[in-house]
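**Student:** Sharing protein_22.csv here; it has CSV, C-alpha atoms.
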```csv
chain,number,residue,atom,x,y,z
A,1133,MET,CA,0.0,0.0,0.0
A,1134,LYS,CA,1.1,3.5,-0.7
A,1135,LYS,CA,1.5,6.0,2.1
A,1136,VAL,CA,-1.0,8.9,1.9
A,1137,PHE,CA,-0.3,12.0,3.9
A,1138,VAL,CA,-2.9,14.7,5.0
A,1139,THR,CA,-2.5,17.5,7.5
A,1140,GLY,CA,-4.8,20.1,9.0
A,1141,CYS,CA,-6.5,21.2,12.2
A,1142,PHE,CA,-9.5,18.9,12.0
A,1143,ASP,CA,-11.3,20.9,14.7
A,1144,MET,CA,-14.9,19.9,15.6
A,1145,LEU,CA,-14.8,16.7,13.5
A,1146,HIS,CA,-17.7,16.8,11.0
A,1147,SER,CA,-19.1,15.0,7.9
A,1148,GLY,CA,-16.9,17.1,5.6
A,1149,HIS,CA,-13.8,15.9,7.4
A,1150,VAL,CA,-14.9,12.3,7.2
A,1151,ALA,CA,-15.8,12.5,3.5
A,1152,PHE,CA,-12.4,14.0,2.8
A,1153,LEU,CA,-10.5,11.4,4.8
A,1154,LYS,CA,-12.4,8.5,3.3
A,1155,GLU,CA,-11.7,9.7,-0.2
A,1156,ALA,CA,-8.0,10.2,0.6
A,1157,ALA,CA,-7.8,6.7,2.1
A,1158,GLN,CA,-8.8,5.3,-1.2
A,1159,TYR,CA,-5.2,6.0,-2.4
A,1160,GLY,CA,-3.4,4.0,0.3
A,1161,ASP,CA,-2.7,3.9,4.1
A,1162,LEU,CA,-3.8,7.2,5.5
A,1163,TYR,CA,-1.5,9.2,7.8
A,1164,VAL,CA,-3.2,12.2,9.4
A,1165,CYS,CA,-1.1,14.9,11.0
A,1166,ILE,CA,-2.9,17.6,13.0
A,1167,GLY,CA,-1.8,21.1,14.0
A,1168,SER,CA,-0.9,21.5,17.6
A,1169,ASP,CA,-3.1,23.8,19.8
A,1170,GLU,CA,-0.4,26.4,20.0
A,1171,ASN,CA,0.2,26.5,16.2
A,1172,VAL,CA,-3.5,26.8,15.5
A,1173,LYS,CA,-3.6,29.7,17.8
A,1174,SER,CA,-0.7,31.4,16.0
A,1175,LEU,CA,-2.2,30.9,12.6
A,1176,LYS,CA,-5.9,31.6,13.3
A,1177,GLY,CA,-5.7,33.9,16.3
A,1178,ARG,CA,-7.6,31.6,18.6
A,1179,TYR,CA,-7.3,28.1,20.0
A,1180,PRO,CA,-9.3,25.2,18.5
A,1181,VAL,CA,-12.5,24.2,20.2
A,1182,THR,CA,-11.3,20.7,20.5
A,1183,ASN,CA,-7.8,20.2,22.0
A,1184,GLU,CA,-5.1,18.2,20.2
A,1185,ALA,CA,-5.4,15.1,22.4
A,1186,GLU,CA,-9.1,14.8,21.7
A,1187,ARG,CA,-8.8,15.6,18.0
A,1188,LYS,CA,-6.1,12.8,17.8
A,1189,TYR,CA,-8.3,10.4,19.7
A,1190,MET,CA,-11.4,10.9,17.4
A,1191,LEU,CA,-9.3,10.6,14.2
A,1192,ASP,CA,-7.6,7.5,15.5
A,1193,ALA,CA,-11.1,6.0,15.9
A,1194,LEU,CA,-11.9,6.2,12.2
A,1195,ASN,CA,-11.5,3.0,10.3
A,1196,CYS,CA,-10.1,4.8,7.2
A,1197,VAL,CA,-7.2,6.3,9.2
A,1198,HIS,CA,-4.0,4.3,9.5
A,1199,ASP,CA,-2.1,6.6,11.9
A,1200,VAL,CA,-2.5,10.1,13.6
A,1201,ARG,CA,0.2,12.4,14.8
A,1202,VAL,CA,0.4,15.9,16.2
A,1203,ASN,CA,2.7,18.1,14.1
A,1204,THR,CA,5.8,19.3,16.0
A,1205,GLY,CA,6.6,22.3,13.8
A,1206,ASP,CA,5.0,25.7,13.5
A,1207,GLY,CA,3.6,28.0,10.8
A,1208,ILE,CA,1.7,26.8,7.7
A,1209,MET,CA,4.4,24.1,7.1
A,1210,ASP,CA,4.2,22.7,10.7
A,1211,PHE,CA,4.3,19.1,9.4
A,1212,LEU,CA,7.9,19.0,8.0
A,1213,ASN,CA,9.3,16.7,10.8
A,1214,GLU,CA,6.3,14.4,10.3
A,1215,ILE,CA,6.6,14.2,6.5
A,1216,ASN,CA,10.3,13.5,6.9
A,1217,ASP,CA,9.6,10.6,9.2
A,1218,ILE,CA,6.6,9.1,7.3
A,1219,ALA,CA,8.0,9.6,3.8
A,1220,PRO,CA,4.7,9.4,2.0
A,1221,ASP,CA,4.0,8.6,-1.6
A,1222,ILE,CA,1.1,11.0,-1.9
A,1223,PHE,CA,0.2,14.3,-0.2
A,1224,ILE,CA,-3.5,15.1,-0.4
A,1225,VAL,CA,-5.2,18.5,0.4
A,1226,ASN,CA,-8.5,20.1,-0.3
A,1227,GLU,CA,-8.9,23.5,-2.0
A,1228,ASP,CA,-8.6,25.7,1.1
A,1229,GLY,CA,-5.7,23.5,2.3
A,1230,HIS,CA,-3.6,24.0,-0.8
A,1231,SER,CA,-0.6,26.3,-0.9
A,1232,PRO,CA,2.2,26.8,-3.4
A,1233,ALA,CA,4.7,26.0,-0.7
A,1234,LYS,CA,3.1,22.5,-0.2
A,1235,GLU,CA,3.0,21.8,-3.9
A,1236,GLU,CA,6.7,22.9,-4.3
A,1237,LEU,CA,7.7,20.7,-1.4
A,1238,CYS,CA,6.1,17.7,-3.1
A,1239,ILE,CA,7.8,18.5,-6.4
A,1240,LYS,CA,11.2,18.6,-4.7
A,1241,ARG,CA,10.7,15.4,-2.9
A,1242,LYS,CA,9.0,13.6,-5.8
A,1243,ILE,CA,5.7,13.1,-3.8
A,1244,GLU,CA,2.5,13.0,-5.7
A,1245,TYR,CA,0.3,16.0,-4.9
A,1246,LYS,CA,-3.4,15.9,-5.1
A,1247,VAL,CA,-6.1,18.6,-4.5
A,1248,LEU,CA,-9.5,17.2,-3.8
A,1249,GLN,CA,-12.8,19.1,-4.2
A,1250,ARG,CA,-15.2,19.6,-1.3
A,1251,ILE,CA,-18.0,17.1,-2.2
A,1252,PRO,CA,-20.4,16.1,0.6
A,1253,HIS,CA,-21.4,12.5,1.1
A,1254,HIS,CA,-24.7,11.8,-0.8
A,1255,ASP,CA,-27.4,14.2,0.4
A,1256,LEU,CA,-25.5,15.6,3.4
A,1257,PRO,CA,-24.8,19.4,3.5
A,1258,VAL,CA,-21.4,20.9,2.7
A,1259,ARG,CA,-19.7,21.2,6.1
A,1260,SER,CA,-16.7,23.3,7.3
A,1261,THR,CA,-15.4,24.0,10.8
A,1262,THR,CA,-16.1,27.7,10.2
A,1263,THR,CA,-19.8,27.1,9.7
A,1264,LEU,CA,-20.1,24.8,12.7
A,1265,ARG,CA,-17.9,26.6,15.2
A,1266,THR,CA,-19.7,29.9,15.0
A,1267,VAL,CA,-23.0,31.3,14.0
A,1268,CYS,CA,-20.9,34.4,13.5
A,1269,THR,CA,-21.9,36.2,10.3
A,1270,ILE,CA,-19.5,39.1,10.7
A,1271,PRO,CA,-17.7,39.3,7.3
A,1272,PHE,CA,-14.0,39.8,6.4
A,1273,ARG,CA,-13.0,42.3,3.8
A,1274,ILE,CA,-10.7,42.5,0.7
A,1275,ASP,CA,-8.8,45.6,-0.3
A,1276,LEU,CA,-9.3,45.6,-4.1
A,1277,ALA,CA,-7.2,48.7,-4.8
A,1278,GLY,CA,-5.9,51.9,-3.2
A,1279,GLY,CA,-4.9,50.4,0.1
A,1280,TRP,CA,-2.6,52.8,2.1
A,1281,LEU,CA,-4.5,55.9,1.0
A,1282,ASP,CA,-6.5,55.4,4.2
A,1283,GLN,CA,-3.3,56.5,6.0
A,1284,PRO,CA,-2.8,60.3,6.2
A,1285,ASP,CA,0.9,59.8,5.8
A,1286,VAL,CA,0.1,58.7,2.2
A,1287,SER,CA,-3.1,60.7,1.3
A,1288,LYS,CA,-1.5,64.0,2.4
A,1289,PHE,CA,0.6,63.7,-0.7
A,1290,HIS,CA,-2.3,63.0,-3.0
A,1291,SER,CA,-6.0,62.2,-2.2
A,1292,GLY,CA,-7.6,59.1,-3.7
A,1293,ASP,CA,-9.9,56.2,-3.3
A,1294,VAL,CA,-9.7,52.8,-1.6
A,1295,LEU,CA,-11.9,50.1,-3.0
A,1296,THR,CA,-13.1,47.3,-0.7
A,1297,ILE,CA,-15.5,44.4,-0.8
A,1298,SER,CA,-17.1,42.7,2.2
A,1299,ILE,CA,-16.6,39.0,2.2
A,1300,GLU,CA,-18.8,36.3,3.7
A,1301,PRO,CA,-16.9,34.1,6.3
A,1302,THR,CA,-17.2,30.9,4.1
A,1303,ILE,CA,-13.5,30.3,4.8
A,1304,ASP,CA,-11.7,30.5,8.1
A,1305,PHE,CA,-9.2,33.0,6.8
A,1306,ASN,CA,-5.8,32.8,8.6
A,1307,ASN,CA,-4.9,35.4,11.2
A,1308,ARG,CA,-2.5,38.2,9.8
A,1309,SER,CA,-3.6,37.4,6.3
A,1310,GLY,CA,-4.7,40.8,5.1
A,1311,MET,CA,-8.4,40.1,5.4
A,1312,SER,CA,-9.0,42.4,8.3
A,1313,SER,CA,-9.0,39.4,10.8
A,1314,SER,CA,-7.9,41.6,13.7
A,1315,THR,CA,-10.6,44.2,13.0
A,1316,ARG,CA,-13.1,41.3,12.7
A,1317,ARG,CA,-12.1,40.0,16.2
A,1318,LYS,CA,-12.7,43.5,17.6
A,1319,ALA,CA,-16.2,43.4,15.9
A,1320,MET,CA,-16.8,40.1,17.6
A,1321,GLU,CA,-15.8,41.5,21.0
A,1322,LEU,CA,-18.3,44.4,20.4
A,1323,TRP,CA,-21.2,42.6,18.8
A,1324,LYS,CA,-20.5,38.8,19.3
A,1325,THR,CA,-22.0,37.1,16.2
A,1326,GLU,CA,-23.5,39.7,13.9
A,1327,ILE,CA,-23.3,43.4,13.1
A,1328,PRO,CA,-26.2,45.2,14.8
A,1329,THR,CA,-28.8,47.3,13.0
A,1330,GLY,CA,-28.2,51.0,12.9
A,1331,ASP,CA,-26.4,53.7,11.0
A,1332,ARG,CA,-23.5,52.0,9.1
A,1333,GLU,CA,-21.1,54.9,9.3
A,1334,GLN,CA,-21.7,55.3,13.0
A,1335,LEU,CA,-21.1,51.5,13.6
A,1336,ALA,CA,-17.9,51.6,11.5
A,1337,LYS,CA,-16.6,54.6,13.5
A,1338,ILE,CA,-17.3,52.7,16.7
A,1339,LEU,CA,-15.4,49.7,15.4
A,1340,PHE,CA,-12.5,51.9,14.2
A,1341,ALA,CA,-12.3,53.6,17.6
A,1342,CYS,CA,-12.4,50.3,19.4
A,1343,GLU,CA,-9.4,49.0,17.4
A,1344,ASN,CA,-7.5,52.3,17.7
A,1345,PRO,CA,-7.9,53.6,21.3
A,1346,PRO,CA,-6.1,56.8,22.3
A,1347,GLY,CA,-2.4,56.4,22.3
A,1348,THR,CA,-2.3,53.9,19.4
A,1349,LYS,CA,1.0,54.3,17.5
A,1350,GLU,CA,0.2,52.4,14.3
A,1351,VAL,CA,-3.4,53.2,13.5
A,1352,SER,CA,-5.2,50.6,11.5
A,1353,GLY,CA,-6.8,52.1,8.4
A,1354,SER,CA,-10.5,52.8,8.5
A,1355,GLN,CA,-11.0,50.8,5.3
A,1356,ASP,CA,-10.9,47.7,7.6
A,1357,SER,CA,-13.8,48.7,9.8
A,1358,ILE,CA,-15.8,50.2,6.8
A,1359,GLY,CA,-15.1,47.1,4.7
A,1360,ILE,CA,-16.5,44.9,7.4
A,1361,VAL,CA,-19.6,46.9,8.4
A,1362,TYR,CA,-20.6,48.0,4.9
A,1363,PRO,CA,-21.8,45.3,2.5
A,1364,ALA,CA,-21.0,44.7,-1.2
A,1365,LEU,CA,-18.5,47.0,-3.0
A,1366,ASN,CA,-17.4,50.3,-1.5
A,1367,ARG,CA,-15.4,53.3,-2.7
A,1368,LEU,CA,-13.9,55.4,0.1
A,1369,HIS,CA,-12.3,58.7,-0.7
A,1370,TYR,CA,-9.4,59.8,1.5
A,1371,LYS,CA,-7.7,63.2,1.8
A,1372,ASN,CA,-5.1,63.6,4.6
A,1373,ASN,CA,-7.4,62.1,7.2
A,1374,TYR,CA,-8.1,58.7,8.8
A,1375,TRP,CA,-11.8,58.9,7.8
A,1376,PRO,CA,-13.0,59.2,4.2
A,1377,THR,CA,-14.7,62.3,2.9
A,1378,TYR,CA,-17.4,60.1,1.4
A,1379,ILE,CA,-18.4,56.4,1.1
A,1380,GLU,CA,-20.1,55.1,-2.0
A,1381,THR,CA,-21.7,51.6,-1.9
A,1382,VAL,CA,-22.5,49.6,-5.0
A,1383,THR,CA,-25.0,46.7,-4.6
A,1384,ASP,CA,-25.7,46.1,-8.2
A,1385,GLU,CA,-26.1,42.3,-8.5
A,1386,ASN,CA,-24.6,42.2,-12.0
A,1387,ILE,CA,-21.4,43.9,-10.8
A,1388,LEU,CA,-21.1,41.7,-7.6
A,1389,GLN,CA,-21.5,38.5,-9.5
A,1390,TRP,CA,-19.0,39.7,-12.1
A,1391,LEU,CA,-16.5,40.3,-9.4
A,1392,GLU,CA,-17.1,37.0,-7.7
A,1393,SER,CA,-16.6,35.2,-11.1
A,1394,HIS,CA,-13.2,36.9,-11.8
A,1395,LEU,CA,-11.5,36.9,-8.4
A,1396,TYR,CA,-9.4,33.9,-7.2
A,1397,LEU,CA,-7.4,33.6,-4.0
A,1398,VAL,CA,-4.2,31.5,-3.6
A,1399,THR,CA,-3.0,30.8,0.0
A,1400,LEU,CA,0.4,32.0,0.9
A,1401,GLY,CA,0.1,31.6,4.7
A,1402,PRO,CA,0.0,34.3,7.4
A,1403,ARG,CA,2.6,37.0,7.9
A,1404,VAL,CA,5.3,36.1,10.4
A,1405,SER,CA,5.2,37.9,13.7
A,1406,THR,CA,8.4,39.8,13.0
A,1407,TYR,CA,7.1,41.2,9.7
A,1408,ASN,CA,7.2,45.0,9.5
A,1409,VAL,CA,5.8,46.6,6.3
A,1410,LEU,CA,6.6,50.1,7.6
A,1411,GLU,CA,10.4,49.7,7.3
A,1412,ASN,CA,12.2,51.0,4.2
A,1413,THR,CA,9.2,53.0,2.9
A,1414,ASN,CA,9.4,55.5,0.0
A,1415,ILE,CA,6.2,57.5,0.4
A,1416,ASN,CA,6.0,60.6,-1.9
A,1417,PHE,CA,3.7,62.5,-4.2
A,1418,GLU,CA,4.6,60.4,-7.3
A,1419,GLY,CA,3.8,57.2,-5.5
A,1420,ALA,CA,0.5,58.4,-3.9
A,1421,LYS,CA,-0.6,59.8,-7.3
A,1422,ALA,CA,0.2,56.5,-9.1
A,1423,LEU,CA,-1.8,54.6,-6.5
A,1424,ALA,CA,-4.8,57.0,-6.7
A,1425,ASP,CA,-4.7,57.0,-10.6
A,1426,ALA,CA,-4.6,53.2,-10.7
A,1427,THR,CA,-7.5,52.9,-8.3
A,1428,ALA,CA,-9.6,55.3,-10.3
A,1429,GLU,CA,-8.9,53.2,-13.4
A,1430,CYS,CA,-9.8,50.1,-11.4
A,1431,TRP,CA,-13.2,51.6,-10.4
A,1432,GLN,CA,-14.1,52.5,-13.9
A,1433,ALA,CA,-13.2,49.0,-15.2
A,1434,ILE,CA,-15.4,47.4,-12.5
A,1435,MET,CA,-18.3,49.8,-13.4
A,1436,GLN,CA,-17.9,48.8,-17.1
A,1437,ARG,CA,-17.2,45.2,-16.2
A,1438,ASP,CA,-14.1,45.3,-18.5
A,1439,VAL,CA,-12.0,42.4,-17.2
A,1440,VAL,CA,-8.9,43.4,-19.2
A,1441,LYS,CA,-8.8,46.9,-17.9
A,1442,PHE,CA,-9.7,45.7,-14.4
A,1443,GLY,CA,-6.8,43.2,-14.4
A,1444,LYS,CA,-4.3,45.9,-15.5
A,1445,ALA,CA,-5.5,48.5,-13.0
A,1446,PHE,CA,-5.7,45.9,-10.2
A,1447,THR,CA,-2.0,45.1,-10.9
A,1448,ASP,CA,-1.0,48.7,-11.3
A,1449,SER,CA,-2.5,49.6,-7.9
A,1450,PHE,CA,-0.5,46.8,-6.4
A,1451,HIS,CA,2.8,47.9,-8.0
A,1452,ALA,CA,2.1,51.5,-6.8
A,1453,GLN,CA,1.8,50.1,-3.3
A,1454,VAL,CA,5.0,48.1,-3.5
A,1455,ALA,CA,6.9,51.1,-4.8
A,1456,MET,CA,6.1,53.0,-1.6
A,1457,PHE,CA,6.1,49.9,0.7
A,1458,PRO,CA,8.7,47.5,-0.7
A,1459,ASN,CA,8.5,45.2,2.3
A,1460,MET,CA,5.1,44.1,1.1
A,1461,VAL,CA,6.8,41.4,-1.1
A,1462,ASP,CA,9.8,39.1,-0.8
A,1463,SER,CA,11.5,36.7,-3.2
A,1464,GLU,CA,9.1,33.8,-2.4
A,1465,ILE,CA,6.0,36.0,-3.0
A,1466,ILE,CA,7.5,37.2,-6.3
A,1467,LYS,CA,8.2,33.6,-7.3
A,1468,THR,CA,4.6,32.6,-6.6
A,1469,ILE,CA,3.3,35.5,-8.6
A,1470,ASP,CA,5.4,34.5,-11.5
A,1471,GLU,CA,4.1,30.9,-11.3
A,1472,TYR,CA,0.4,31.8,-11.1
A,1473,SER,CA,0.2,35.0,-13.1
A,1474,THR,CA,0.6,33.2,-16.5
A,1475,GLY,CA,-2.8,33.2,-18.1
A,1476,THR,CA,-4.4,35.6,-15.6
A,1477,MET,CA,-5.1,39.3,-16.2
A,1478,GLY,CA,-4.0,40.8,-12.9
A,1479,TYR,CA,-2.8,40.2,-9.4
A,1480,LYS,CA,-2.2,41.7,-6.0
A,1481,LEU,CA,-1.6,40.7,-2.4
A,1482,SER,CA,-4.3,40.9,0.2
A,1483,GLY,CA,-3.8,43.6,2.8
A,1484,ALA,CA,-0.4,44.9,3.7
A,1485,GLY,CA,1.4,41.9,2.1
A,1486,GLY,CA,4.1,39.8,3.7
A,1487,GLY,CA,1.9,36.7,3.3
A,1488,GLY,CA,-1.8,36.0,3.4
A,1489,TYR,CA,-3.4,35.5,0.0
A,1490,LEU,CA,-2.5,36.3,-3.6
A,1491,ILE,CA,-5.6,37.6,-5.4
A,1492,PHE,CA,-5.8,37.0,-9.2
A,1493,VAL,CA,-8.1,38.4,-11.8
A,1494,SER,CA,-8.9,35.8,-14.4
A,1495,GLU,CA,-11.6,34.7,-16.9
A,1496,LYS,CA,-10.6,31.1,-16.4
A,1497,PRO,CA,-10.4,29.1,-13.1
A,1498,VAL,CA,-7.0,29.5,-11.4
A,1499,LYS,CA,-5.5,26.1,-10.3
A,1500,ASN,CA,-6.3,25.2,-6.7
A,1501,ALA,CA,-7.5,28.7,-5.9
A,1502,LEU,CA,-10.3,29.7,-3.5
A,1503,HIS,CA,-13.5,31.5,-4.4
A,1504,ILE,CA,-15.1,34.3,-2.4
A,1505,LYS,CA,-18.7,35.2,-1.7
A,1506,ILE,CA,-19.5,39.0,-1.4
A,1507,ARG,CA,-21.8,40.1,1.4
A,1508,ARG,CA,-25.1,41.3,0.1
A,1509,PRO,CA,-27.1,44.0,1.8
A,1510,SER,CA,-29.9,41.6,2.7
A,1511,LEU,CA,-27.5,39.9,5.2
A,1512,SER,CA,-26.2,43.1,6.7
A,1513,VAL,CA,-27.5,46.0,8.8
```
Reformat the file's structure so that it appears as structure tokens.
**Tutor:**
Amino acid sequence: MKKVFVTGCFDMLHSGHVAFLKEAAQYGDLYVCIGSDENVKSLKGRYPVTNEAERKYMLDALNCVHDVRVNTGDGIMDFLNEINDIAPDIFIVNEDGHSPAKEELCIKRKIEYKVLQRIPHHDLPVRSTTTLRTVCTIPFRIDLAGGWLDQPDVSKFHSGDVLTISIEPTIDFNNRSGMSSSTRRKAMELWKTEIPTGDREQLAKILFACENPPGTKEVSGSQDSIGIVYPALNRLHYKNNYWPTYIETVTDENILQWLESHLYLVTLGPRVSTYNVLENTNINFEGAKALADATAECWQAIMQRDVVKFGKAFTDSFHAQVAMFPNMVDSEIIKTIDEYSTGTMGYKLSGAGGGGYLIFVSEKPVKNALHIKIRRPSLSV
């Protein structure tokens, strides 16, 4: 029998886990390696509901599983010691467990790499730990273009827009991944499981103030709180201030569906704790203007649903960010961009870079990429 290797958190064991493990076991003896409690905490910003000893016990009880181990490493590649010891023939992941780093590891070690689709057993519903562990409907957000203009140190040189979309929590996005996970945690502290009814701008200001109390040295941009509280697509205009001069929300279903069908996320893993994007900056008029101009082009392309122009402006906005904040990327991120950008029309990093997710604009499906669901107004305040 071939040795089959899978790794993950496997918190709150559910039918989706079992279906995945049973399918993986069809390829050989199944070795399951689970993330330690401490590493799950570092990646996701909170401990698993079920501790590592109980998770191991339940997985060991499944007939399809040959052996279960707790990973001894850390980070998204916490399984390296275990994969060295097991020496598998096949490494299997699902779509949201895929990362270029895992695939590259398998290529180097001549391990077969398979990505399985999430297909529920017979008539059972699609399950994920995210949907089971919380009834929390508070969304994440994606910075489509213009990020950094919500900082006065940038917009004082040139005013401009930031474009955000509010994202349903269909995926348990990693902590420190550029999806406003820290702002979302503050929202959960304030409101528990859902955004309350009320004036959106007032709610967003409350969330912004909660995350940035008096004395905060590095103020989180207000696009984070606005992108979480406001549904759909939003254009925020900044001019040398932490709060935008206006907020424009687009709820046109044709535009939202068009965006969903052209955006793909590839997992890079979370930013390391020592990452500092504010070192080696080169903020000036030329850079701020380039960012503002690219974002304006991006907005027009979205309104026209022109995917070619959208992809170019999307990329131009990212390059303008990197020109002012070069620490956003490193050699590994550039390598992954080069690998995945072929055949796509645009790309950028989520958030402040240094990890998280690469976002691609494409008319065709991107290999092993994640899809997003944009929050509609009917599910928001």
**Student:** Which value, in Å to one decimal, gives the distance between atom CA of A:Ala1426 and atom CA of A:Lys1371?
**Tutor:**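 So the answer is 16.3 Å.
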**Student:** When you look at A:Ser1473 with a cut-off of 12 Å (counting only C-alpha atoms), what residues show up, excluding the ones that are within fewer than 3 positions of it in the same chain? I need them as a ChimeraX atom specification.
**Tutor:** /A:1396-1398,1443,1447,1465-1470,1476-1480,1490-1494,1496,1498-1499
**Student:** Would you please work out which residue, of A:Glu1155, A:Asp1438, A:Glu1464, A:Glu1350, is nearest to A:Asn1226 when using only C-alpha atoms?
**Tutor:**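 For A:Asn1226, the nearest of the given residues is A:Glu1155.
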**Student:** Any idea what's packed within 10 Å of A:Leu1281, counting only C-alpha atoms, ignoring anything in its chain fewer than 3 positions away? Could you give it as a list of chain:residue names?
**Tutor:**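 Neighbouring residues, sequence-local ones excluded: A:Ala1277, A:Gly1278, A:Pro1284, A:Asp1285, A:Val1286, A:Ser1287, A:Lys1288, A:Phe1289, A:His1290, A:Ser1291, A:Gly1292, A:Asp1293, A:Val1294, A:Gly1353, A:Gln1355, A:Leu1368, A:His1369, A:Tyr1370, A:Lys1371, A:Asn1372, A:Asn1373, A:Tyr1374, A:Pro1376, A:Ala1420, A:Lys1421, A:Leu1423, A:Ala1424, A:Gln1453.
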**Student:** Output C-alpha atoms for every residue in the selection just made, as a PDB file, in the frame of the given file.
**Tutor:**
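Final output, saved to again_22.pdb:
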```
ATOM      1  CA  ALA A1277      -7.200  48.700  -4.800  1.00  0.00           C
ATOM      2  CA  GLY A1278      -5.900  51.900  -3.200  1.00  0.00           C
ATOM      3  CA  PRO A1284      -2.800  60.300   6.200  1.00  0.00           C
ATOM      4  CA  ASP A1285       0.900  59.800   5.800  1.00  0.00           C
ATOM      5  CA  VAL A1286       0.100  58.700   2.200  1.00  0.00           C
ATOM      6  CA  SER A1287      -3.100  60.700   1.300  1.00  0.00           C
ATOM      7  CA  LYS A1288      -1.500  64.000   2.400  1.00  0.00           C
ATOM      8  CA  PHE A1289       0.600  63.700  -0.700  1.00  0.00           C
ATOM      9  CA  HIS A1290      -2.300  63.000  -3.000  1.00  0.00           C
ATOM     10  CA  SER A1291      -6.000  62.200  -2.200  1.00  0.00           C
ATOM     11  CA  GLY A1292      -7.600  59.100  -3.700  1.00  0.00           C
ATOM     12  CA  ASP A1293      -9.900  56.200  -3.300  1.00  0.00           C
ATOM     13  CA  VAL A1294      -9.700  52.800  -1.600  1.00  0.00           C
ATOM     14  CA  GLY A1353      -6.800  52.100   8.400  1.00  0.00           C
ATOM     15  CA  GLN A1355     -11.000  50.800   5.300  1.00  0.00           C
ATOM     16  CA  LEU A1368     -13.900  55.400   0.100  1.00  0.00           C
ATOM     17  CA  HIS A1369     -12.300  58.700  -0.700  1.00  0.00           C
ATOM     18  CA  TYR A1370      -9.400  59.800   1.500  1.00  0.00           C
ATOM     19  CA  LYS A1371      -7.700  63.200   1.800  1.00  0.00           C
ATOM     20  CA  ASN A1372      -5.100  63.600   4.600  1.00  0.00           C
ATOM     21  CA  ASN A1373      -7.400  62.100   7.200  1.00  0.00           C
ATOM     22  CA  TYR A1374      -8.100  58.700   8.800  1.00  0.00           C
ATOM     23  CA  PRO A1376     -13.000  59.200   4.200  1.00  0.00           C
ATOM     24  CA  ALA A1420       0.500  58.400  -3.900  1.00  0.00           C
ATOM     25  CA  LYS A1421      -0.600  59.800  -7.300  1.00  0.00           C
ATOM     26  CA  LEU A1423      -1.800  54.600  -6.500  1.00  0.00           C
ATOM     27  CA  ALA A1424      -4.800  57.000  -6.700  1.00  0.00           C
ATOM     28  CA  GLN A1453       1.800  50.100  -3.300  1.00  0.00           C
TER      29      GLN A1453
END
```
**Student:** For stretch 1429-1436 of chain A, find every residue with an atom within 9 Å (counting only C-alpha atoms), except residues of its own chain fewer than 3 positions away, and show them as a list of chain:residue names.
**Tutor:**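 Using only C-alpha atoms, the neighbours found are A:Leu1276, A:Ala1277, A:Leu1295, A:Arg1367, A:Ile1387, A:Trp1390, A:Leu1391, A:Ala1424, A:Asp1425, A:Ala1426, A:Val1439, A:Val1440, A:Lys1441, A:Phe1442, A:Gly1443, A:Lys1444, A:Ala1445, A:Phe1446, A:Asp1448, A:Ser1449.
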**Student:** Using all atoms listed in the file, can you tell me which of A:Val1202, A:Leu1212, A:Ile1224, A:Met1311 comes closest to A:Val1138?
**Tutor:**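 Among A:Val1202, A:Leu1212, A:Ile1224, A:Met1311, it is A:Ile1224 that comes nearest to A:Val1138.
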**Student:** How would stretch 1170-1180 of chain A look written as a CSV table (one decimal), in the first residue's frame with N, CA and C atoms?
**Tutor:**
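Generated output (result-v3.csv):
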```csv
chain,number,residue,atom,x,y,z
A,1170,GLU,N,-1.1,25.1,20.0
A,1170,GLU,CA,-0.4,26.4,20.0
A,1170,GLU,C,-0.2,26.9,18.5
A,1171,ASN,N,0.0,26.0,17.6
A,1171,ASN,CA,0.2,26.5,16.2
A,1171,ASN,C,-1.1,27.0,15.6
A,1172,VAL,N,-2.2,26.3,15.9
A,1172,VAL,CA,-3.5,26.8,15.5
A,1172,VAL,C,-3.8,28.2,16.0
A,1173,LYS,N,-3.4,28.4,17.2
A,1173,LYS,CA,-3.6,29.7,17.8
A,1173,LYS,C,-2.8,30.8,17.1
A,1174,SER,N,-1.5,30.4,16.7
A,1174,SER,CA,-0.7,31.4,16.0
A,1174,SER,C,-1.2,31.7,14.6
A,1175,LEU,N,-1.8,30.7,14.0
A,1175,LEU,CA,-2.2,30.9,12.6
A,1175,LEU,C,-3.6,31.6,12.5
A,1176,LYS,N,-4.5,31.2,13.4
A,1176,LYS,CA,-5.9,31.6,13.3
A,1176,LYS,C,-6.3,32.7,14.4
A,1177,GLY,N,-5.4,32.9,15.3
A,1177,GLY,CA,-5.7,33.9,16.3
A,1177,GLY,C,-6.5,33.4,17.5
A,1178,ARG,N,-6.8,32.1,17.5
A,1178,ARG,CA,-7.6,31.6,18.6
A,1178,ARG,C,-7.3,30.1,18.7
A,1179,TYR,N,-7.5,29.5,19.9
A,1179,TYR,CA,-7.3,28.1,20.0
A,1179,TYR,C,-8.5,27.3,19.4
A,1180,PRO,N,-8.2,26.0,19.0
A,1180,PRO,CA,-9.3,25.2,18.5
A,1180,PRO,C,-10.3,24.9,19.6
```
